[in-house]
Amino acid sequence: MSTCHIALLRGINVGTAKRVAMAELRILVAELGYTEVRTLLNSGNVVFHGKVKSAPAAAAEIEAALLARTGVAARVMLLQRDELDAIVAACPLGDKPDGARVLIYLLRPGYARAPLASLAAGSWGEEVLVLGERAAYLWCPDGALESRAAAALGKLLGDTTTARNWNTLCKLQALAHAR
């Protein structure tokens with residue numbers, strides 16, 4: 001049985017660096033043997049179906065193919081549809097008035113929880129930082145660029161994570177459930 005997966009590429013098409021056309025990305029993923037390949041927005045969100053040996057192996061395969069084909073190096077976070085569903089369902093900030101200002105930092109299995117728990121316990125003024133099982137959820141009412149908590153998360157997590165806003169995750173979830 002084919003499983004639905006979501007690949008989230010970190011840091012592509014931000015400004016003028018690391019440009020990747022979504023049409024080219026769809027072709028690349030399809031050439032790896034996956035089916036029903038669709039992208040969302042222009043920021044490296046790919047929904048596809050297929051069997052994978054493991055999420056890390058499939059992510060590494062996409063990373064290597066992307067580098068070989070385009071010369072762009074980008075980390076890939078791979079989730080199954082049910083994992084994305086759980087991350088969305090667990091979001092304690094989905095009721096905020098502007099979903100573009102709710103950021104979800106996706107965490108790889110086995111991440112170091114203690115440093116993140118310390119950050120989440122900190123005082124962030126109007127910002128709210130909540131640590132979940134597979135994600136850190138951040139409300140940044142003044143936007144990500146002005147967020148002290150986002151800066152702290154970025155410094156702590158480096159390139160081991162990628163973040164998407166609430167609106168994008170909900171659209172990805174809907175795309176993952178559409179056939």
# chains A, B, ... in the order shown; residues from 1 in each chain; ligands from 1
call {"tool": "closest_atom_pairs", "arguments": {"of": "range 12-80 of chain A", "to": "range 99-115 of chain A", "cutoff": "10 Å", "atoms": "only C-alpha atoms", "output": "tab-separated table"}}
result
residue	atom	partner	partner_atom	distance
A:Pro56	CA	A:Arg108	CA	9.5
A:Met77	CA	A:Arg108	CA	7.7
A:Leu78	CA	A:Arg108	CA	9.1
A:Leu79	CA	A:Leu106	CA	9.5
call {"tool": "write_last_selection", "arguments": {"atoms": "C-alpha atoms", "output": "mmCIF file, in the first residue's frame"}}
result
data_model
loop_
_atom_site.group_PDB
_atom_site.id
_atom_site.type_symbol
_atom_site.label_atom_id
_atom_site.label_comp_id
_atom_site.auth_asym_id
_atom_site.auth_seq_id
_atom_site.Cartn_x
_atom_site.Cartn_y
_atom_site.Cartn_z
ATOM 1 C CA PRO A 56 15.654 9.596 7.143
ATOM 2 C CA MET A 77 12.184 16.884 6.860
ATOM 3 C CA LEU A 78 9.908 13.999 5.901
ATOM 4 C CA LEU A 79 6.613 13.251 7.610
#
call {"tool": "residues_around", "arguments": {"residues": "Asp159 in chain A", "least_positions_apart": "5", "cutoff": "10 Å", "atoms": "only C-alpha atoms", "output": "list in words"}}
result
Arg10, Gly11, Ala74, Arg75, Val76 and Gly154 of chain A
call {"tool": "residues_around", "arguments": {"residues": "range 14-24 of chain A", "least_positions_apart": "3", "cutoff": "9 Å", "atoms": "only C-alpha atoms", "output": "list in words"}}
result
Gly11, Ile27, Leu28, Val29, Arg38, Thr39, Leu40, Leu41, Asn42, Ser43, Gly44, Asn45, Val46, Leu66, Thr70, Gly71, Val72, Ala73 and Ala74 of chain A
call {"tool": "write_last_selection", "arguments": {"atoms": "all heavy atoms", "output": "compact mmCIF listing (two decimals), in the first residue's frame"}}
result
# COMPACT_ATOMS: atom_id res chain seq x y z
N GLY A 11 14.81 26.23 3.84
CA GLY A 11 15.57 27.37 3.36
C GLY A 11 15.64 27.59 1.87
O GLY A 11 16.49 28.34 1.41
N ILE A 27 9.23 17.07 -10.64
CA ILE A 27 9.84 16.10 -11.55
C ILE A 27 10.90 15.28 -10.83
O ILE A 27 10.95 14.05 -10.95
CB ILE A 27 10.43 16.82 -12.79
CG1 ILE A 27 9.30 17.39 -13.64
CG2 ILE A 27 11.32 15.88 -13.59
CD1 ILE A 27 9.77 18.37 -14.70
N LEU A 28 11.73 15.94 -10.05
CA LEU A 28 12.80 15.27 -9.32
C LEU A 28 12.23 14.20 -8.38
O LEU A 28 12.70 13.06 -8.36
CB LEU A 28 13.58 16.32 -8.52
CG LEU A 28 14.73 15.87 -7.66
CD1 LEU A 28 15.77 16.97 -7.61
CD2 LEU A 28 14.29 15.55 -6.24
N VAL A 29 11.20 14.54 -7.63
CA VAL A 29 10.60 13.58 -6.68
C VAL A 29 9.93 12.44 -7.45
O VAL A 29 10.05 11.27 -7.06
CB VAL A 29 9.63 14.29 -5.72
CG1 VAL A 29 8.87 13.30 -4.85
CG2 VAL A 29 10.40 15.28 -4.82
N ARG A 38 2.84 16.54 -5.64
CA ARG A 38 2.29 17.90 -5.71
C ARG A 38 3.10 18.81 -4.80
O ARG A 38 3.64 18.36 -3.80
CB ARG A 38 0.82 17.88 -5.25
CG ARG A 38 -0.07 17.10 -6.22
CD ARG A 38 -1.35 16.65 -5.59
NE ARG A 38 -1.05 15.60 -4.63
CZ ARG A 38 -1.87 15.20 -3.68
NH1 ARG A 38 -3.05 15.74 -3.54
NH2 ARG A 38 -1.54 14.24 -2.86
N THR A 39 3.18 20.07 -5.17
CA THR A 39 3.86 21.05 -4.33
C THR A 39 2.85 22.10 -3.89
O THR A 39 1.82 22.29 -4.52
CB THR A 39 5.03 21.73 -5.07
OG1 THR A 39 4.56 22.28 -6.29
CG2 THR A 39 6.15 20.73 -5.35
N LEU A 40 3.19 22.77 -2.80
CA LEU A 40 2.36 23.84 -2.27
C LEU A 40 3.23 25.07 -2.08
O LEU A 40 4.30 24.98 -1.45
CB LEU A 40 1.73 23.43 -0.94
CG LEU A 40 0.89 24.50 -0.24
CD1 LEU A 40 -0.40 24.73 -1.01
CD2 LEU A 40 0.59 24.11 1.19
N LEU A 41 2.76 26.18 -2.60
CA LEU A 41 3.49 27.44 -2.52
C LEU A 41 4.84 27.30 -3.22
O LEU A 41 5.07 26.36 -3.98
CB LEU A 41 3.62 27.93 -1.09
CG LEU A 41 2.28 28.08 -0.33
CD1 LEU A 41 2.51 28.39 1.14
CD2 LEU A 41 1.44 29.17 -0.97
N ASN A 42 5.73 28.21 -2.98
CA ASN A 42 7.02 28.20 -3.65
C ASN A 42 8.15 28.03 -2.64
O ASN A 42 9.24 28.55 -2.81
CB ASN A 42 7.20 29.51 -4.44
CG ASN A 42 8.34 29.43 -5.42
OD1 ASN A 42 8.58 28.40 -6.03
ND2 ASN A 42 9.07 30.53 -5.57
N SER A 43 7.86 27.30 -1.56
CA SER A 43 8.84 27.24 -0.47
C SER A 43 9.23 25.82 -0.08
O SER A 43 9.60 25.57 1.06
CB SER A 43 8.30 28.00 0.74
OG SER A 43 7.02 27.51 1.10
N GLY A 44 9.14 24.89 -1.01
CA GLY A 44 9.65 23.55 -0.74
C GLY A 44 8.74 22.68 0.08
O GLY A 44 9.18 22.02 1.02
N ASN A 45 7.46 22.65 -0.26
CA ASN A 45 6.50 21.78 0.39
C ASN A 45 6.02 20.78 -0.65
O ASN A 45 5.41 21.16 -1.64
CB ASN A 45 5.30 22.59 0.89
CG ASN A 45 5.71 23.71 1.81
OD1 ASN A 45 6.29 23.48 2.85
ND2 ASN A 45 5.42 24.94 1.41
N VAL A 46 6.32 19.50 -0.45
CA VAL A 46 6.00 18.47 -1.43
C VAL A 46 5.16 17.39 -0.77
O VAL A 46 5.53 16.86 0.28
CB VAL A 46 7.28 17.83 -2.01
CG1 VAL A 46 6.93 16.87 -3.15
CG2 VAL A 46 8.27 18.87 -2.47
N LEU A 66 18.35 16.51 -5.15
CA LEU A 66 18.24 17.96 -5.31
C LEU A 66 19.61 18.59 -5.56
O LEU A 66 19.78 19.41 -6.46
CB LEU A 66 17.59 18.58 -4.08
CG LEU A 66 17.39 20.09 -4.10
CD1 LEU A 66 16.34 20.47 -5.15
CD2 LEU A 66 16.95 20.59 -2.72
N THR A 70 20.25 20.31 -9.12
CA THR A 70 20.16 21.77 -9.12
C THR A 70 21.38 22.47 -8.52
O THR A 70 21.50 23.68 -8.65
CB THR A 70 18.92 22.25 -8.34
OG1 THR A 70 19.10 21.93 -6.95
CG2 THR A 70 17.64 21.61 -8.87
N GLY A 71 22.20 21.73 -7.80
CA GLY A 71 23.32 22.34 -7.10
C GLY A 71 22.91 23.00 -5.80
O GLY A 71 23.73 23.61 -5.13
N VAL A 72 21.65 22.84 -5.41
CA VAL A 72 21.14 23.44 -4.17
C VAL A 72 21.16 22.40 -3.05
O VAL A 72 20.58 21.32 -3.19
CB VAL A 72 19.70 23.99 -4.37
CG1 VAL A 72 19.10 24.44 -3.04
CG2 VAL A 72 19.72 25.12 -5.37
N ALA A 73 21.81 22.75 -1.96
CA ALA A 73 21.82 21.89 -0.78
C ALA A 73 20.73 22.38 0.17
O ALA A 73 20.70 23.56 0.52
CB ALA A 73 23.18 21.94 -0.09
N ALA A 74 19.84 21.48 0.53
CA ALA A 74 18.76 21.83 1.47
C ALA A 74 18.41 20.61 2.29
O ALA A 74 18.30 19.50 1.76
CB ALA A 74 17.53 22.32 0.70
call {"tool": "closest_residue", "arguments": {"among": "A:Asn165, A:Ser123, A:Asn13, A:Thr35", "to": "Leu138 in chain A", "atoms": "only C-alpha atoms"}}
result
A:Asn165
call {"tool": "select_by_dssp", "arguments": {"residues": "range 20-179 of chain A", "states": "helix (DSSP H, G or I)", "output": "MDAnalysis selection string"}}
result
chainID A and resid 22:31 55:70 81:89 99:101 113:121 144:146 148:160 166:177
call {"tool": "write_last_selection", "arguments": {"atoms": "C-alpha atoms", "output": "short mmCIF file (atom, residue, chain, number, x, y, z; two decimals), in the first residue's frame"}}
result
data_model
loop_
_atom_site.label_atom_id
_atom_site.label_comp_id
_atom_site.auth_asym_id
_atom_site.auth_seq_id
_atom_site.Cartn_x
_atom_site.Cartn_y
_atom_site.Cartn_z
CA MET A 22 8.54 23.81 -7.94
CA ALA A 23 7.94 22.17 -11.35
CA GLU A 24 11.54 20.92 -11.29
CA LEU A 25 11.12 19.71 -7.70
CA ARG A 26 7.98 17.75 -8.66
CA ILE A 27 9.84 16.10 -11.55
CA LEU A 28 12.80 15.27 -9.32
CA VAL A 29 10.60 13.58 -6.68
CA ALA A 30 8.65 11.70 -9.37
CA GLU A 31 11.90 10.47 -10.91
CA ALA A 55 11.95 8.73 6.66
CA PRO A 56 15.65 9.60 7.14
CA ALA A 57 16.64 7.47 4.11
CA ALA A 58 13.97 9.04 1.89
CA ALA A 59 14.87 12.54 3.09
CA ALA A 60 18.55 11.88 2.32
CA GLU A 61 17.58 10.54 -1.12
CA ILE A 62 15.66 13.74 -1.93
CA GLU A 63 18.49 15.91 -0.56
CA ALA A 64 21.07 14.09 -2.72
CA ALA A 65 18.91 14.26 -5.85
CA LEU A 66 18.24 17.96 -5.31
CA LEU A 67 21.93 18.71 -4.94
CA ALA A 68 22.88 16.62 -7.98
CA ARG A 69 20.18 18.12 -10.19
CA THR A 70 20.16 21.77 -9.12
CA ARG A 81 0.39 12.12 6.67
CA ASP A 82 -0.62 10.76 10.09
CA GLU A 83 2.39 12.47 11.68
CA LEU A 84 1.35 15.79 10.12
CA ASP A 85 -2.21 15.18 11.32
CA ALA A 86 -0.94 14.68 14.89
CA ILE A 87 1.22 17.82 14.78
CA VAL A 88 -1.72 19.90 13.53
CA ALA A 89 -4.13 18.36 16.06
CA GLY A 99 -2.27 31.96 11.33
CA ALA A 100 0.67 33.47 9.47
CA ARG A 101 2.08 34.50 12.86
CA ARG A 113 14.06 17.94 24.76
CA ALA A 114 15.66 19.59 27.82
CA PRO A 115 17.07 22.70 26.08
CA LEU A 116 13.75 23.24 24.27
CA ALA A 117 11.80 22.81 27.49
CA SER A 118 13.99 25.50 29.07
CA LEU A 119 13.20 27.87 26.21
CA ALA A 120 9.48 27.12 26.43
CA ALA A 121 9.54 27.85 30.17
CA ALA A 144 8.81 36.13 12.91
CA LEU A 145 11.50 38.69 12.11
CA GLU A 146 10.76 40.59 15.34
CA ARG A 148 12.93 36.93 20.26
CA ALA A 149 11.63 33.38 20.76
CA ALA A 150 12.02 32.59 17.04
CA ALA A 151 15.61 33.84 17.16
CA ALA A 152 16.32 31.70 20.22
CA LEU A 153 14.74 28.63 18.62
CA GLY A 154 16.72 29.19 15.43
CA LYS A 155 19.96 29.49 17.35
CA LEU A 156 19.27 26.36 19.39
CA LEU A 157 17.93 24.15 16.60
CA GLY A 158 20.05 25.37 13.67
CA ASP A 159 19.38 23.43 10.49
CA THR A 160 17.96 20.39 12.30
CA TRP A 166 -0.16 27.52 10.71
CA ASN A 167 -1.84 28.46 7.44
CA THR A 168 0.70 26.52 5.39
CA LEU A 169 0.52 23.42 7.59
CA CYS A 170 -3.27 23.38 7.34
CA LYS A 171 -3.06 23.67 3.54
CA LEU A 172 -0.49 20.87 3.44
CA GLN A 173 -2.76 18.72 5.56
CA ALA A 174 -5.69 19.34 3.21
CA LEU A 175 -3.47 18.54 0.19
CA ALA A 176 -2.27 15.33 1.86
CA HIS A 177 -5.88 14.21 2.33
#
call {"tool": "atom_distance", "arguments": {"atom1": "CA of Leu9 in chain A", "atom2": "CA of Glu36 in chain A"}}
result
17.9 Å
call {"tool": "atom_distance", "arguments": {"atom1": "CA of Gly94 in chain A", "atom2": "CA of Leu129 in chain A"}}
result
12.8 Å
call {"tool": "residues_around", "arguments": {"residues": "Glu127 in chain A", "least_positions_apart": "5", "cutoff": "7 Å", "atoms": "only C-alpha atoms", "output": "JSON, numbers by chain"}}
result
{"A": [139, 140, 141]}
call {"tool": "closest_residue", "arguments": {"among": "A:Asp98, A:Gln80, A:Gly122, A:Val47", "to": "Asp142 in chain A", "atoms": "only C-alpha atoms"}}
result
A:Asp98
call {"tool": "atom_distance", "arguments": {"atom1": "CA of Ile6 in chain A", "atom2": "CA of Phe48 in chain A"}}
result
6.5 Å
call {"tool": "decode", "arguments": {"residues": "range 122-159 of chain A", "atoms": "N, CA, C and O atoms", "output": "tab-separated table (two decimals), in the first residue's frame"}}
result
chain	number	residue	atom	x	y	z
A	122	GLY	N	10.64	29.88	29.43
A	122	GLY	CA	11.08	31.27	29.55
A	122	GLY	C	9.94	32.26	29.37
A	122	GLY	O	8.83	31.91	28.97
A	123	SER	N	10.24	33.50	29.69
A	123	SER	CA	9.26	34.58	29.54
A	123	SER	C	9.52	35.29	28.21
A	123	SER	O	10.61	35.80	27.97
A	124	TRP	N	8.50	35.32	27.37
A	124	TRP	CA	8.64	35.89	26.04
A	124	TRP	C	7.69	37.05	25.80
A	124	TRP	O	7.38	37.38	24.67
A	125	GLY	N	7.23	37.69	26.85
A	125	GLY	CA	6.31	38.83	26.70
A	125	GLY	C	5.01	38.36	26.08
A	125	GLY	O	4.40	37.41	26.55
A	126	GLU	N	4.58	39.01	25.00
A	126	GLU	CA	3.33	38.63	24.34
A	126	GLU	C	3.48	37.36	23.50
A	126	GLU	O	2.48	36.76	23.10
A	127	GLU	N	4.69	36.97	23.23
A	127	GLU	CA	4.92	35.75	22.47
A	127	GLU	C	4.62	34.54	23.34
A	127	GLU	O	4.78	34.57	24.55
A	128	VAL	N	4.17	33.47	22.69
A	128	VAL	CA	3.87	32.23	23.40
A	128	VAL	C	4.64	31.11	22.72
A	128	VAL	O	4.55	30.93	21.50
A	129	LEU	N	5.39	30.35	23.50
A	129	LEU	CA	6.16	29.22	22.99
A	129	LEU	C	5.75	27.98	23.76
A	129	LEU	O	5.85	27.94	24.99
A	130	VAL	N	5.25	26.98	23.03
A	130	VAL	CA	4.79	25.73	23.64
A	130	VAL	C	5.52	24.58	22.97
A	130	VAL	O	5.58	24.50	21.74
A	131	LEU	N	6.05	23.68	23.78
A	131	LEU	CA	6.76	22.52	23.27
A	131	LEU	C	5.81	21.33	23.20
A	131	LEU	O	5.21	20.95	24.21
A	132	GLY	N	5.65	20.77	22.02
A	132	GLY	CA	4.85	19.57	21.83
A	132	GLY	C	5.74	18.36	21.62
A	132	GLY	O	6.97	18.45	21.75
A	133	GLU	N	5.13	17.25	21.29
A	133	GLU	CA	5.87	16.01	21.10
A	133	GLU	C	6.77	16.06	19.87
A	133	GLU	O	7.92	15.66	19.93
A	134	ARG	N	6.27	16.53	18.73
A	134	ARG	CA	7.05	16.57	17.49
A	134	ARG	C	7.23	17.97	16.94
A	134	ARG	O	7.71	18.16	15.83
A	135	ALA	N	6.80	18.98	17.73
A	135	ALA	CA	6.89	20.35	17.22
A	135	ALA	C	6.97	21.34	18.38
A	135	ALA	O	6.51	21.06	19.48
A	136	ALA	N	7.57	22.48	18.08
A	136	ALA	CA	7.51	23.63	18.98
A	136	ALA	C	6.59	24.63	18.30
A	136	ALA	O	6.75	24.93	17.11
A	137	TYR	N	5.61	25.12	19.04
A	137	TYR	CA	4.59	26.02	18.51
A	137	TYR	C	4.84	27.42	19.04
A	137	TYR	O	4.99	27.60	20.25
A	138	LEU	N	4.88	28.39	18.15
A	138	LEU	CA	5.23	29.75	18.55
A	138	LEU	C	4.22	30.75	18.00
A	138	LEU	O	3.96	30.79	16.80
A	139	TRP	N	3.68	31.56	18.90
A	139	TRP	CA	2.84	32.70	18.52
A	139	TRP	C	3.74	33.92	18.58
A	139	TRP	O	4.29	34.25	19.64
A	140	CYS	N	3.94	34.57	17.45
A	140	CYS	CA	4.76	35.78	17.41
A	140	CYS	C	3.91	36.91	16.83
A	140	CYS	O	3.86	37.09	15.61
A	141	PRO	N	3.20	37.65	17.70
A	141	PRO	CA	2.25	38.65	17.24
A	141	PRO	C	2.86	39.78	16.43
A	141	PRO	O	2.17	40.41	15.63
A	142	ASP	N	4.15	40.02	16.60
A	142	ASP	CA	4.82	41.08	15.83
A	142	ASP	C	5.55	40.53	14.61
A	142	ASP	O	6.29	41.27	13.96
A	143	GLY	N	5.35	39.25	14.31
A	143	GLY	CA	5.98	38.63	13.16
A	143	GLY	C	7.26	37.90	13.51
A	143	GLY	O	7.89	38.16	14.54
A	144	ALA	N	7.65	36.97	12.65
A	144	ALA	CA	8.81	36.13	12.91
A	144	ALA	C	10.11	36.92	12.97
A	144	ALA	O	10.99	36.62	13.78
A	145	LEU	N	10.24	37.93	12.14
A	145	LEU	CA	11.50	38.69	12.11
A	145	LEU	C	11.73	39.48	13.39
A	145	LEU	O	12.87	39.77	13.75
A	146	GLU	N	10.65	39.83	14.08
A	146	GLU	CA	10.76	40.59	15.34
A	146	GLU	C	10.72	39.69	16.57
A	146	GLU	O	10.80	40.19	17.69
A	147	SER	N	10.60	38.40	16.38
A	147	SER	CA	10.39	37.47	17.49
A	147	SER	C	11.69	37.08	18.18
A	147	SER	O	12.57	36.47	17.57
A	148	ARG	N	11.76	37.37	19.47
A	148	ARG	CA	12.93	36.93	20.26
A	148	ARG	C	12.92	35.41	20.42
A	148	ARG	O	13.96	34.77	20.38
A	149	ALA	N	11.73	34.83	20.59
A	149	ALA	CA	11.63	33.38	20.76
A	149	ALA	C	12.03	32.66	19.47
A	149	ALA	O	12.71	31.64	19.51
A	150	ALA	N	11.64	33.20	18.32
A	150	ALA	CA	12.02	32.59	17.04
A	150	ALA	C	13.54	32.63	16.88
A	150	ALA	O	14.15	31.66	16.41
A	151	ALA	N	14.15	33.73	17.25
A	151	ALA	CA	15.61	33.84	17.16
A	151	ALA	C	16.28	32.82	18.08
A	151	ALA	O	17.26	32.18	17.68
A	152	ALA	N	15.75	32.66	19.27
A	152	ALA	CA	16.32	31.70	20.22
A	152	ALA	C	16.15	30.27	19.72
A	152	ALA	O	17.07	29.45	19.82
A	153	LEU	N	14.98	29.96	19.18
A	153	LEU	CA	14.74	28.63	18.62
A	153	LEU	C	15.69	28.37	17.45
A	153	LEU	O	16.27	27.29	17.33
A	154	GLY	N	15.83	29.34	16.57
A	154	GLY	CA	16.72	29.19	15.43
A	154	GLY	C	18.15	28.94	15.84
A	154	GLY	O	18.84	28.11	15.27
A	155	LYS	N	18.59	29.66	16.86
A	155	LYS	CA	19.96	29.49	17.35
A	155	LYS	C	20.15	28.11	17.96
A	155	LYS	O	21.16	27.45	17.74
A	156	LEU	N	19.17	27.65	18.72
A	156	LEU	CA	19.27	26.36	19.39
A	156	LEU	C	19.16	25.20	18.41
A	156	LEU	O	19.93	24.24	18.47
A	157	LEU	N	18.22	25.28	17.49
A	157	LEU	CA	17.93	24.15	16.60
A	157	LEU	C	18.77	24.14	15.32
A	157	LEU	O	18.94	23.09	14.70
A	158	GLY	N	19.25	25.30	14.89
A	158	GLY	CA	20.05	25.37	13.67
A	158	GLY	C	19.31	24.79	12.49
A	158	GLY	O	18.12	25.00	12.31
A	159	ASP	N	20.02	23.99	11.69
A	159	ASP	CA	19.38	23.43	10.49
A	159	ASP	C	18.78	22.04	10.73
A	159	ASP	O	18.47	21.33	9.79
